[in-house]
>>> print(open('query-v4.cif').read())   # mmCIF, C-alpha atoms
data_work
#
loop_
_atom_site.label_atom_id
_atom_site.label_comp_id
_atom_site.auth_asym_id
_atom_site.auth_seq_id
_atom_site.Cartn_x
_atom_site.Cartn_y
_atom_site.Cartn_z
CA MET Y 611 80.23 109.23 113.91
CA ALA Y 612 83.11 108.27 116.10
CA ASP Y 613 85.29 107.42 113.11
CA GLU Y 614 85.31 111.05 112.12
CA ALA Y 615 87.03 112.14 115.32
CA LEU Y 616 89.78 109.61 114.76
CA PHE Y 617 90.46 110.76 111.21
CA LEU Y 618 90.33 114.46 112.17
CA LEU Y 619 92.83 113.95 114.96
CA LEU Y 620 95.10 111.81 112.83
CA HIS Y 621 95.01 114.40 110.05
CA ASN Y 622 95.90 117.22 112.45
CA GLU Y 623 98.73 115.21 113.95
CA ILE Y 624 100.09 114.42 110.50
CA VAL Y 625 100.07 118.09 109.53
CA SER Y 626 101.79 119.19 112.73
CA GLY Y 627 104.26 116.30 112.51
CA VAL Y 628 105.26 117.14 108.94
CA TYR Y 629 105.79 120.78 109.82
CA LYS Y 630 107.62 120.09 113.05
CA SER Y 631 110.30 118.10 111.29
CA ALA Y 632 110.85 120.82 108.72
CA GLU Y 633 112.68 124.08 109.12
CA GLN Y 634 111.41 127.55 108.42
CA GLY Y 635 111.34 129.06 104.97
CA GLU Y 636 109.31 129.19 101.80
CA VAL Y 637 110.99 126.18 100.20
CA GLU Y 638 110.38 124.01 103.23
CA ASN Y 639 106.77 125.10 103.40
CA GLY Y 640 106.30 124.06 99.80
CA ARG Y 641 107.96 120.73 100.49
CA CYS Y 642 105.65 120.04 103.39
CA ILE Y 643 102.59 120.88 101.35
CA THR Y 644 103.84 118.54 98.63
CA LYS Y 645 104.36 115.76 101.15
CA LEU Y 646 100.85 116.14 102.52
CA GLU Y 647 99.38 116.34 99.03
CA ASN Y 648 101.14 113.16 97.97
CA MET Y 649 99.81 111.33 101.00
CA GLY Y 650 96.34 112.51 100.13
CA PHE Y 651 96.90 111.33 96.57
CA ARG Y 652 97.66 107.78 97.67
CA VAL Y 653 94.64 107.71 99.93
CA GLY Y 654 92.37 109.19 97.27
CA GLN Y 655 93.40 106.54 94.76
CA GLY Y 656 92.67 103.70 97.15
CA LEU Y 657 89.46 105.19 98.43
CA ILE Y 658 87.92 105.83 95.04
CA GLU Y 659 88.69 102.25 93.99
CA ARG Y 660 86.79 100.82 96.91
CA PHE Y 661 84.01 103.33 96.55
CA THR Y 662 83.24 102.89 92.88
CA LYS Y 663 83.57 99.12 92.84
CA ASP Y 664 79.90 98.61 92.11
CA THR Y 665 78.81 101.90 90.62
CA ALA Y 666 77.90 102.29 86.97
CA ARG Y 667 80.29 103.73 84.41
CA PHE Y 668 80.46 107.51 84.35
CA LYS Y 669 79.11 109.25 81.28
CA ASP Y 670 81.55 112.13 81.10
CA GLU Y 671 83.80 114.45 83.02
CA LEU Y 672 80.95 116.44 84.48
CA ASP Y 673 79.34 113.25 85.73
CA ILE Y 674 82.55 112.36 87.54
CA MET Y 675 82.79 115.81 89.11
CA LYS Y 676 79.20 115.58 90.26
CA PHE Y 677 79.97 112.20 91.81
CA ILE Y 678 82.90 113.72 93.67
CA CYS Y 679 80.75 116.59 94.89
CA LYS Y 680 77.85 114.46 96.02
CA ASP Y 681 78.62 110.86 96.92
CA PHE Y 682 82.35 111.09 97.55
CA TRP Y 683 82.18 114.27 99.61
CA THR Y 684 79.19 113.01 101.59
CA THR Y 685 80.96 109.83 102.53
CA VAL Y 686 84.23 111.44 103.46
CA PHE Y 687 83.03 114.71 104.94
CA LYS Y 688 79.39 113.96 105.78
CA LYS Y 689 78.00 116.68 103.55
CA GLN Y 690 77.84 117.59 99.88
CA ILE Y 691 79.79 120.26 98.14
CA ASP Y 692 77.68 123.39 98.34
CA ASN Y 693 78.47 124.85 94.96
CA LEU Y 694 80.05 123.48 91.79
CA ARG Y 695 81.02 125.90 89.06
CA THR Y 696 82.68 125.18 85.73
CA ASN Y 697 83.68 126.96 82.61
CA HIS Y 698 83.05 123.79 80.60
CA GLN Y 699 86.62 123.95 79.44
CA GLY Y 700 88.23 121.85 82.11
CA ILE Y 701 88.17 124.09 85.16
CA TYR Y 702 85.89 123.27 88.07
CA VAL Y 703 85.50 125.12 91.33
CA LEU Y 704 84.10 123.18 94.27
CA GLN Y 705 82.90 125.33 97.11
CA ASP Y 706 82.36 123.97 100.58
CA ASN Y 707 80.90 126.52 102.98
CA LYS Y 708 81.59 124.53 106.10
CA PHE Y 709 84.64 122.40 105.45
CA ARG Y 710 84.84 119.66 108.04
CA LEU Y 711 88.56 119.92 108.60
CA LEU Y 712 88.40 123.66 109.26
CA THR Y 713 85.26 124.05 111.38
CA GLN Y 714 87.11 123.29 114.60
CA MET Y 715 89.81 125.78 113.80
CA SER Y 716 88.17 129.13 113.42
CA ALA Y 717 85.04 130.86 112.17
CA GLY Y 718 86.43 133.82 110.33
CA LYS Y 719 89.79 135.24 109.51
CA GLN Y 720 91.71 133.90 112.47
CA TYR Y 721 94.50 131.44 111.60
CA LEU Y 722 93.87 132.06 107.90
CA GLU Y 723 97.57 131.78 107.13
CA HIS Y 724 97.63 128.21 108.45
CA ALA Y 725 94.57 127.04 106.57
CA SER Y 726 96.49 125.96 103.47
CA LYS Y 727 98.35 123.32 105.49
CA TYR Y 728 95.11 121.65 106.39
CA LEU Y 729 93.79 121.67 102.87
CA ALA Y 730 96.78 120.07 101.17
CA PHE Y 731 95.77 116.54 102.11
CA THR Y 732 92.26 117.03 100.75
CA CYS Y 733 93.62 118.47 97.50
CA GLY Y 734 95.63 115.32 97.12
CA LEU Y 735 92.57 113.25 97.97
CA ILE Y 736 90.61 114.82 95.11
CA ARG Y 737 93.53 114.53 92.70
CA GLY Y 738 94.07 110.87 93.61
CA GLY Y 739 90.40 110.06 93.24
CA LEU Y 740 90.21 111.72 89.84
CA SER Y 741 93.44 110.08 88.73
CA ASN Y 742 92.04 106.61 89.31
CA LEU Y 743 88.91 107.55 87.42
CA GLY Y 744 91.08 108.40 84.45
CA ILE Y 745 91.35 112.15 84.87
CA LYS Y 746 94.67 113.90 85.26
CA SER Y 747 94.30 117.14 87.12
CA ILE Y 748 95.84 119.82 89.29
CA VAL Y 749 93.94 120.67 92.46
CA THR Y 750 94.49 123.79 94.50
CA ALA Y 751 92.57 125.26 97.38
CA GLU Y 752 91.90 128.73 98.63
CA VAL Y 753 90.31 130.05 101.79
CA SER Y 754 89.03 133.57 102.21
CA SER Y 755 87.06 133.09 105.39
CA MET Y 756 87.03 129.93 107.48
CA PRO Y 757 85.40 127.45 107.42
CA ALA Y 758 84.39 128.08 103.82
CA CYS Y 759 86.89 127.04 101.17
CA LYS Y 760 87.14 126.54 97.44
CA PHE Y 761 88.90 123.72 95.62
CA GLN Y 762 89.90 124.49 92.08
CA VAL Y 763 90.34 121.50 89.77
CA MET Y 764 92.15 122.02 86.48
CA ILE Y 765 91.75 119.05 84.16
CA GLN Y 766 94.87 118.31 82.16
CA LYS Y 767 94.13 117.16 78.68
CA LEU Y 768 96.62 114.43 77.79
CA MET Z 786 63.45 90.88 96.33
CA SER Z 787 65.92 91.22 93.50
CA ARG Z 788 69.12 93.03 94.11
CA SER Z 789 69.44 96.17 91.99
CA ALA Z 790 72.42 96.44 89.68
CA ARG Z 791 73.71 99.55 91.39
CA ARG Z 792 74.37 98.61 94.99
CA LYS Z 793 74.86 101.47 97.38
CA PRO Z 794 78.40 101.50 98.74
CA GLU Z 795 78.69 100.93 102.47
CA TYR Z 796 79.36 104.39 103.77
CA HIS Z 797 80.39 103.29 107.21
CA LYS Z 798 83.01 100.99 105.80
CA ILE Z 799 84.33 103.66 103.43
CA ASN Z 800 84.81 105.98 106.37
CA ARG Z 801 86.87 103.41 108.16
CA ASP Z 802 88.78 102.81 104.93
CA LEU Z 803 89.64 106.51 104.88
CA PHE Z 804 91.28 106.27 108.27
CA VAL Z 805 93.03 102.99 107.48
CA LEU Z 806 94.34 104.23 104.13
CA THR Z 807 95.50 107.53 105.65
CA TYR Z 808 97.34 105.61 108.32
CA GLY Z 809 98.96 103.44 105.67
CA ALA Z 810 100.07 106.49 103.71
CA LEU Z 811 101.49 107.95 106.90
CA VAL Z 812 103.52 104.83 107.71
CA ALA Z 813 104.76 104.65 104.12
CA GLN Z 814 105.89 108.27 104.28
CA LEU Z 815 107.63 107.68 107.62
CA CYS Z 816 109.43 104.65 106.21
CA LYS Z 817 110.69 106.91 103.45
CA ASP Z 818 111.81 109.61 105.86
CA TYR Z 819 113.43 107.46 108.54
CA GLU Z 820 115.82 104.62 107.92
CA LYS Z 821 115.68 102.96 111.31
CA ASP Z 822 112.61 101.04 112.43
CA GLU Z 823 113.00 102.31 115.99
CA ASP Z 824 112.68 105.89 114.76
CA VAL Z 825 109.49 105.12 112.90
CA ASN Z 826 108.10 103.27 115.91
CA LYS Z 827 108.98 106.13 118.21
CA TYR Z 828 107.43 108.68 115.89
CA LEU Z 829 104.21 106.69 115.60
CA ASP Z 830 104.06 106.36 119.37
CA LYS Z 831 104.55 110.09 119.82
CA MET Z 832 101.85 110.85 117.28
CA GLY Z 833 99.54 108.41 118.95
CA TYR Z 834 100.20 110.08 122.27
CA GLY Z 835 99.12 113.43 120.84
CA ILE Z 836 95.98 111.87 119.41
CA GLY Z 837 95.22 109.95 122.61
CA THR Z 838 95.33 113.03 124.80
CA ARG Z 839 92.60 114.57 122.67
CA LEU Z 840 90.68 111.43 121.84
CA VAL Z 841 90.04 110.64 125.48
CA GLU Z 842 87.92 113.78 125.79
CA ASP Z 843 85.88 112.81 122.78
CA PHE Z 844 85.53 109.31 124.20
CA LEU Z 845 84.41 110.45 127.64
CA ALA Z 846 81.90 112.84 126.10
CA ARG Z 847 80.39 110.14 123.92
CA SER Z 848 80.44 107.18 126.22
CA CYS Z 849 79.50 108.64 129.63
CA VAL Z 850 81.34 105.92 131.49
CA GLY Z 851 81.39 106.29 135.23
CA ARG Z 852 84.38 106.41 137.49
CA CYS Z 853 86.51 103.29 137.42
CA HIS Z 854 87.69 101.61 140.58
CA SER Z 855 90.30 99.21 139.36
CA TYR Z 856 92.82 98.70 136.59
CA SER Z 857 90.93 95.72 135.26
CA GLU Z 858 87.77 97.83 134.98
CA ILE Z 859 89.71 100.41 132.99
CA THR Z 860 91.17 97.80 130.66
CA ASP Z 861 87.73 96.31 130.14
CA ILE Z 862 86.36 99.70 129.19
CA ILE Z 863 89.22 100.33 126.78
CA ALA Z 864 88.60 96.98 125.12
CA GLN Z 865 84.82 96.82 125.14
CA VAL Z 866 83.79 100.45 124.77
CA ALA Z 867 86.65 102.47 123.29
CA PHE Z 868 87.92 99.98 120.74
CA LYS Z 869 84.36 99.14 119.73
CA MET Z 870 83.50 102.81 119.32
CA TYR Z 871 86.47 103.83 117.23
CA LEU Z 872 87.62 100.74 115.43
CA GLY Z 873 84.59 98.49 115.58
CA ILE Z 874 86.41 95.59 117.22
CA THR Z 875 86.37 94.16 120.72
CA PRO Z 876 89.71 92.75 121.81
CA SER Z 877 89.71 90.23 124.61
CA VAL Z 878 91.33 91.15 127.91
CA SER Z 879 93.57 89.00 130.02
CA CYS Z 880 95.44 89.78 133.20
CA ASN Z 881 99.08 88.87 133.20
CA ASN Z 882 100.20 89.04 136.79
CA SER Z 883 98.94 88.59 140.26
CA SER Z 884 99.40 92.20 141.31
CA ARG Z 885 96.72 93.02 138.73
CA ASN Z 886 98.53 95.84 136.99
CA GLU Z 887 99.63 94.11 133.81
CA PHE Z 888 97.03 93.38 131.18
CA SER Z 889 96.90 92.22 127.60
CA LEU Z 890 94.51 93.13 124.86
CA ILE Z 891 94.33 90.40 122.29
CA LEU Z 892 93.13 91.54 118.88
CA ASP Z 893 92.15 88.78 116.55
CA LYS Z 894 90.92 91.26 113.98
CA ASN Z 895 92.87 94.46 113.40
CA PRO Z 896 91.25 96.90 110.97
CA LEU Z 897 94.42 98.98 110.67
CA VAL Z 898 96.23 96.20 108.83
CA GLU Z 899 93.35 95.39 106.51
CA PHE Z 900 95.28 96.41 103.43
CA VAL Z 901 98.71 95.32 104.59
CA GLU Z 902 99.97 92.07 103.13
CA GLU Z 903 103.30 91.98 104.85
CA LEU Z 904 105.92 94.28 106.28
CA PRO Z 905 108.25 95.74 103.64
CA ALA Z 906 111.63 94.10 103.14
CA GLY Z 907 114.19 95.26 105.65
CA ARG Z 908 111.55 96.54 108.04
CA SER Z 909 111.12 93.48 110.15
CA SER Z 910 111.03 95.29 113.49
CA LEU Z 911 108.50 97.89 112.41
CA CYS Z 912 105.54 98.03 114.76
CA TYR Z 913 102.97 98.97 112.17
CA CYS Z 914 100.22 99.74 114.67
CA ASN Z 915 102.36 101.57 117.17
CA LEU Z 916 99.97 104.49 116.91
CA LEU Z 917 97.49 102.45 118.97
CA CYS Z 918 99.99 102.13 121.82
CA GLY Z 919 100.57 105.85 121.83
CA ILE Z 920 96.85 106.56 121.79
CA ILE Z 921 96.19 104.32 124.79
CA ARG Z 922 99.16 105.76 126.67
CA GLY Z 923 98.12 109.37 125.96
CA ALA Z 924 94.51 108.75 126.86
CA LEU Z 925 95.42 107.10 130.16
CA GLU Z 926 97.81 109.88 131.05
CA MET Z 927 95.05 112.45 130.61
CA VAL Z 928 93.09 110.66 133.30
CA HIS Z 929 96.12 110.63 135.55
CA LEU Z 930 97.20 107.06 134.98
CA ALA Z 931 100.74 106.35 133.91
CA ALA Z 932 101.09 103.23 131.83
CA ASP Z 933 103.54 101.47 129.58
CA VAL Z 934 101.89 100.26 126.43
CA THR Z 935 103.72 98.07 123.96
CA PHE Z 936 103.12 95.36 121.42
CA LEU Z 937 103.80 91.95 122.86
CA GLN Z 938 102.87 90.01 119.75
CA ASP Z 939 102.22 91.16 116.22
CA ARG Z 940 100.57 89.16 113.47
CA LEU Z 941 102.50 91.10 110.84
CA LYS Z 942 105.72 89.82 112.37
CA GLY Z 943 104.63 86.21 112.23
CA ASP Z 944 102.96 85.71 115.59
CA SER Z 945 99.56 84.09 115.76
CA VAL Z 946 97.74 87.03 117.27
CA THR Z 947 98.25 90.71 117.84
CA GLU Z 948 98.67 91.45 121.53
CA ILE Z 949 98.98 94.83 123.19
CA GLY Z 950 100.37 94.85 126.71
CA ILE Z 951 99.33 97.56 129.18
CA THR Z 952 101.34 97.90 132.37
CA PHE Z 953 99.91 100.37 134.83
CA LEU Z 954 102.61 102.25 136.71
CA LYS Z 955 102.22 104.20 139.90
CA LYS Z 956 99.29 106.63 139.85
CA LEU Z 957 100.46 110.08 138.68
CA ASP Z 958 100.53 112.88 141.19
CA GLU Z 959 97.42 115.05 140.60
CA LYS Z 960 99.31 118.21 141.59
CA LYS Z 961 101.61 117.91 138.58
CA TYR Z 962 98.72 118.33 136.17
CA ARG Z 963 96.97 121.24 137.77
CA ARG Z 964 97.03 123.92 135.12
CA LYS Z 965 98.92 127.06 135.93
CA LYS Z 966 96.38 129.86 135.92
#
>>> encode(input="query-v4.cif", output="structure tokens")
Amino acid sequence: MADEALFLLLHNEIVSGVYKSAEQGEVENGRCITKLENMGFRVGQGLIERFTKDTARFKDELDIMKFICKDFWTTVFKKQIDNLRTNHQGIYVLQDNKFRLLTQMSAGKQYLEHASKYLAFTCGLIRGGLSNLGIKSIVTAEVSSMPACKFQVMIQKL
Amino acid sequence: MSRSARRKPEYHKINRDLFVLTYGALVAQLCKDYEKDEDVNKYLDKMGYGIGTRLVEDFLARSCVGRCHSYSEITDIIAQVAFKMYLGITPSVSCNNSSRNEFSLILDKNPLVEFVEELPAGRSSLCYCNLLCGIIRGALEMVHLAADVTFLQDRLKGDSVTEIGITFLKKLDEKKYRRKK
């Protein structure tokens, strides 16, 4: 869909813009990632509100995670999460073998060091979505070989 | 036919919401980073330029429009094909001067400001949708047309409609853009 191109380009511009205005160094890198993650958080909160306006109440945590993996991911990234793993104690790993925001970048190990910049927004998106569904969490991402990536969600018990 | 209790969410709309919300988060972040409205406007325009230079390729690949022979044809295509394709709206076009190089796109519905109630306090000269100007400018430059694109009227600032003005400048020299091999 044409909308996808717009969002992809905007996302890439945001990432490059945030990094351009920052200097070199570990601290700055962390600050940029935080900025991107916070933006994703805001968007995730708003998006999940509009999305779940008419859906039924979720039974439990696992139900919510399945919703994120299926409906939410399909709407935002046009495909489902390929693999969901959990230890039933609050840690979930979502694996996407062909992550939409990375497919145009490389198909292997090239540019691996830059991948984390492009995942920060999506981590925030997941965290924001979960937050508005009543779940406090920490979301991190890891890439071993593009375009596959794993999002790790750690539920924080209040 | 009775409507089921669980209505399927409109996926197409959600996708647009994703873009609109991301844009809103971006503008909010920029307002935090920059104090002056002009800086935010300039930054949005620059970002839009970067997006426009790439978007035009996507647009040309999807739309298969033929070669244009006049500025008014180009503006019509921007309004009726490009805007419709990416934002789902069709602004109306009007020509502003007799030499036929100044045009206006009048948007009566702007999806980018769907969730914006009003400009934040102290940000009265913020051009919220300045990204659009940059996108149009970048896209036109990639097809060798220099243009000045600005907001002439903005509903968020109190005007009745949102109007984008496109002024086509002299045609860019093709030689300048030949890639160095």
>>> residues_around(input="query-v4.cif", residues="Ser910 (chain Z)", least_positions_apart="2", cutoff="10 Å", atoms="all atoms listed in the file", output="MDAnalysis selection string")
chainID Z and resid 821:823 825:826 904 907:908 912:913 941:942
>>> atom_distance(input="query-v4.cif", atom1="CA of Asn697 (chain Y)", atom2="CA of Leu722 (chain Y)")
27.7 Å
>>> resolve_selection(input="query-v4.cif", expression="the PyMOL selection byres ((chain Y and resi 627) around 12)", output="ChimeraX atom specification")
/Y:619-626,628-633,642,645-646,727 /Z:811,814-815,828-829,831-833,835-836
>>> closest_atom_pairs(input="query-v4.cif", of="chain Y", to="chain Z", cutoff="7 Å", atoms="only C-alpha atoms", output="tab-separated table")
residue	atom	partner	partner_atom	distance
Y:Ala612	CA	Z:Tyr871	CA	5.7
Y:Asp613	CA	Z:Tyr871	CA	5.6
Y:Phe617	CA	Z:Phe804	CA	5.4
Y:Leu619	CA	Z:Ile836	CA	5.8
Y:Leu620	CA	Z:Ile836	CA	6.6
Y:Glu623	CA	Z:Met832	CA	6.3
Y:Met649	CA	Z:Ala810	CA	5.6
Y:Arg652	CA	Z:Ala810	CA	6.6
Y:Val653	CA	Z:Leu806	CA	5.5
Y:Leu657	CA	Z:Leu803	CA	6.6
Y:Phe661	CA	Z:Pro794	CA	6.3
Y:Asp664	CA	Z:Arg792	CA	6.2
Y:Thr665	CA	Z:Arg791	CA	5.7
Y:Ala666	CA	Z:Arg791	CA	6.7
Y:Thr685	CA	Z:Tyr796	CA	5.8
Y:Val686	CA	Z:Asn800	CA	6.2
>>> write_last_selection(input="query-v4.cif", atoms="C-alpha atoms", output="PDB file, in the frame of the given file")
ATOM      1  CA  ALA Y 612      83.110 108.270 116.100  1.00  0.00           C
ATOM      2  CA  ASP Y 613      85.290 107.420 113.110  1.00  0.00           C
ATOM      3  CA  PHE Y 617      90.460 110.760 111.210  1.00  0.00           C
ATOM      4  CA  LEU Y 619      92.830 113.950 114.960  1.00  0.00           C
ATOM      5  CA  LEU Y 620      95.100 111.810 112.830  1.00  0.00           C
ATOM      6  CA  GLU Y 623      98.730 115.210 113.950  1.00  0.00           C
ATOM      7  CA  MET Y 649      99.810 111.330 101.000  1.00  0.00           C
ATOM      8  CA  ARG Y 652      97.660 107.780  97.670  1.00  0.00           C
ATOM      9  CA  VAL Y 653      94.640 107.710  99.930  1.00  0.00           C
ATOM     10  CA  LEU Y 657      89.460 105.190  98.430  1.00  0.00           C
ATOM     11  CA  PHE Y 661      84.010 103.330  96.550  1.00  0.00           C
ATOM     12  CA  ASP Y 664      79.900  98.610  92.110  1.00  0.00           C
ATOM     13  CA  THR Y 665      78.810 101.900  90.620  1.00  0.00           C
ATOM     14  CA  ALA Y 666      77.900 102.290  86.970  1.00  0.00           C
ATOM     15  CA  THR Y 685      80.960 109.830 102.530  1.00  0.00           C
ATOM     16  CA  VAL Y 686      84.230 111.440 103.460  1.00  0.00           C
TER      17      VAL Y 686
END
>>> resolve_selection(input="query-v4.cif", expression="the PyMOL selection byres ((chain Y and resi 742) around 10)", output="compact mmCIF listing (two decimals) with C-alpha atoms, in the coordinates of the input")
# COMPACT_ATOMS: atom_id res chain seq x y z
CA PHE Y 651 96.90 111.33 96.57
CA GLY Y 654 92.37 109.19 97.27
CA GLN Y 655 93.40 106.54 94.76
CA GLY Y 656 92.67 103.70 97.15
CA LEU Y 657 89.46 105.19 98.43
CA ILE Y 658 87.92 105.83 95.04
CA GLU Y 659 88.69 102.25 93.99
CA ARG Y 737 93.53 114.53 92.70
CA GLY Y 738 94.07 110.87 93.61
CA GLY Y 739 90.40 110.06 93.24
CA LEU Y 740 90.21 111.72 89.84
CA SER Y 741 93.44 110.08 88.73
CA LEU Y 743 88.91 107.55 87.42
CA GLY Y 744 91.08 108.40 84.45
CA ILE Y 745 91.35 112.15 84.87
CA LYS Y 746 94.67 113.90 85.26
>>> residues_near_point(input="query-v4.cif", point="(89.7, 107.2, 133.9)", cutoff="10 Å", atoms="only C-alpha atoms", output="list of chain:residue names")
Z:Val841, Z:Leu845, Z:Val850, Z:Gly851, Z:Arg852, Z:Cys853, Z:His854, Z:Ser855, Z:Tyr856, Z:Glu858, Z:Ile859, Z:Ile862, Z:Ile863, Z:Ala924, Z:Leu925, Z:Glu926, Z:Met927, Z:Val928, Z:His929, Z:Leu930
>>> write_last_selection(input="query-v4.cif", atoms="C-alpha atoms", output="short mmCIF file (atom, residue, chain, number, x, y, z; two decimals), in the frame of the given file")
data_model
loop_
_atom_site.label_atom_id
_atom_site.label_comp_id
_atom_site.auth_asym_id
_atom_site.auth_seq_id
_atom_site.Cartn_x
_atom_site.Cartn_y
_atom_site.Cartn_z
CA VAL Z 841 90.04 110.64 125.48
CA LEU Z 845 84.41 110.45 127.64
CA VAL Z 850 81.34 105.92 131.49
CA GLY Z 851 81.39 106.29 135.23
CA ARG Z 852 84.38 106.41 137.49
CA CYS Z 853 86.51 103.29 137.42
CA HIS Z 854 87.69 101.61 140.58
CA SER Z 855 90.30 99.21 139.36
CA TYR Z 856 92.82 98.70 136.59
CA GLU Z 858 87.77 97.83 134.98
CA ILE Z 859 89.71 100.41 132.99
CA ILE Z 862 86.36 99.70 129.19
CA ILE Z 863 89.22 100.33 126.78
CA ALA Z 924 94.51 108.75 126.86
CA LEU Z 925 95.42 107.10 130.16
CA GLU Z 926 97.81 109.88 131.05
CA MET Z 927 95.05 112.45 130.61
CA VAL Z 928 93.09 110.66 133.30
CA HIS Z 929 96.12 110.63 135.55
CA LEU Z 930 97.20 107.06 134.98
#
>>> atom_distance(input="query-v4.cif", atom1="CA of Ile674 (chain Y)", atom2="CA of Asp706 (chain Y)")
17.5 Å
>>> residues_near_point(input="query-v4.cif", point="(107.7, 95.8, 120.8)", cutoff="12 Å", atoms="all atoms listed in the file", output="ChimeraX atom specification")
/Z:822-823,826-827,830,909-915,918,933-939,942,947-951
>>> resolve_selection(input="query-v4.cif", expression="the PyMOL selection byres ((chain Y and resi 725) around 10)", output="mmCIF file with C-alpha atoms, in the frame of the given file")
data_model
loop_
_atom_site.group_PDB
_atom_site.id
_atom_site.type_symbol
_atom_site.label_atom_id
_atom_site.label_comp_id
_atom_site.auth_asym_id
_atom_site.auth_seq_id
_atom_site.Cartn_x
_atom_site.Cartn_y
_atom_site.Cartn_z
ATOM 1 C CA LEU Y 711 88.560 119.920 108.600
ATOM 2 C CA LEU Y 712 88.400 123.660 109.260
ATOM 3 C CA MET Y 715 89.810 125.780 113.800
ATOM 4 C CA SER Y 716 88.170 129.130 113.420
ATOM 5 C CA LYS Y 719 89.790 135.240 109.510
ATOM 6 C CA GLN Y 720 91.710 133.900 112.470
ATOM 7 C CA TYR Y 721 94.500 131.440 111.600
ATOM 8 C CA LEU Y 722 93.870 132.060 107.900
ATOM 9 C CA GLU Y 723 97.570 131.780 107.130
ATOM 10 C CA HIS Y 724 97.630 128.210 108.450
ATOM 11 C CA SER Y 726 96.490 125.960 103.470
ATOM 12 C CA LYS Y 727 98.350 123.320 105.490
ATOM 13 C CA TYR Y 728 95.110 121.650 106.390
ATOM 14 C CA LEU Y 729 93.790 121.670 102.870
ATOM 15 C CA ALA Y 730 96.780 120.070 101.170
ATOM 16 C CA ALA Y 751 92.570 125.260 97.380
ATOM 17 C CA GLU Y 752 91.900 128.730 98.630
ATOM 18 C CA VAL Y 753 90.310 130.050 101.790
ATOM 19 C CA SER Y 754 89.030 133.570 102.210
ATOM 20 C CA SER Y 755 87.060 133.090 105.390
ATOM 21 C CA MET Y 756 87.030 129.930 107.480
ATOM 22 C CA PRO Y 757 85.400 127.450 107.420
ATOM 23 C CA CYS Y 759 86.890 127.040 101.170
#
>>> closest_residue(input="query-v4.cif", among="Z:Ser848, Z:Val812, Z:Ala932, Z:Ser884", to="Phe953 (chain Z)", atoms="only C-alpha atoms")
Z:Ala932
>>> atom_distance(input="query-v4.cif", atom1="CA of Ala931 (chain Z)", atom2="CA of Leu954 (chain Z)")
5.3 Å
>>> residues_around(input="query-v4.cif", residues="Ser877 (chain Z)", least_positions_apart="5", cutoff="9 Å", atoms="only C-alpha atoms", output="PyMOL selection string")
chain Z and resi 861+864-865+889-893
>>> axis_aligned_box(input="query-v4.cif", around="region 923-941 of chain Z", padding_each_side="4 Å", output="lines of an AutoDock Vina configuration file")
center_x = 98.4
center_y = 100.8
center_z = 123.2
size_x = 18.7
size_y = 31.3
size_z = 32.7
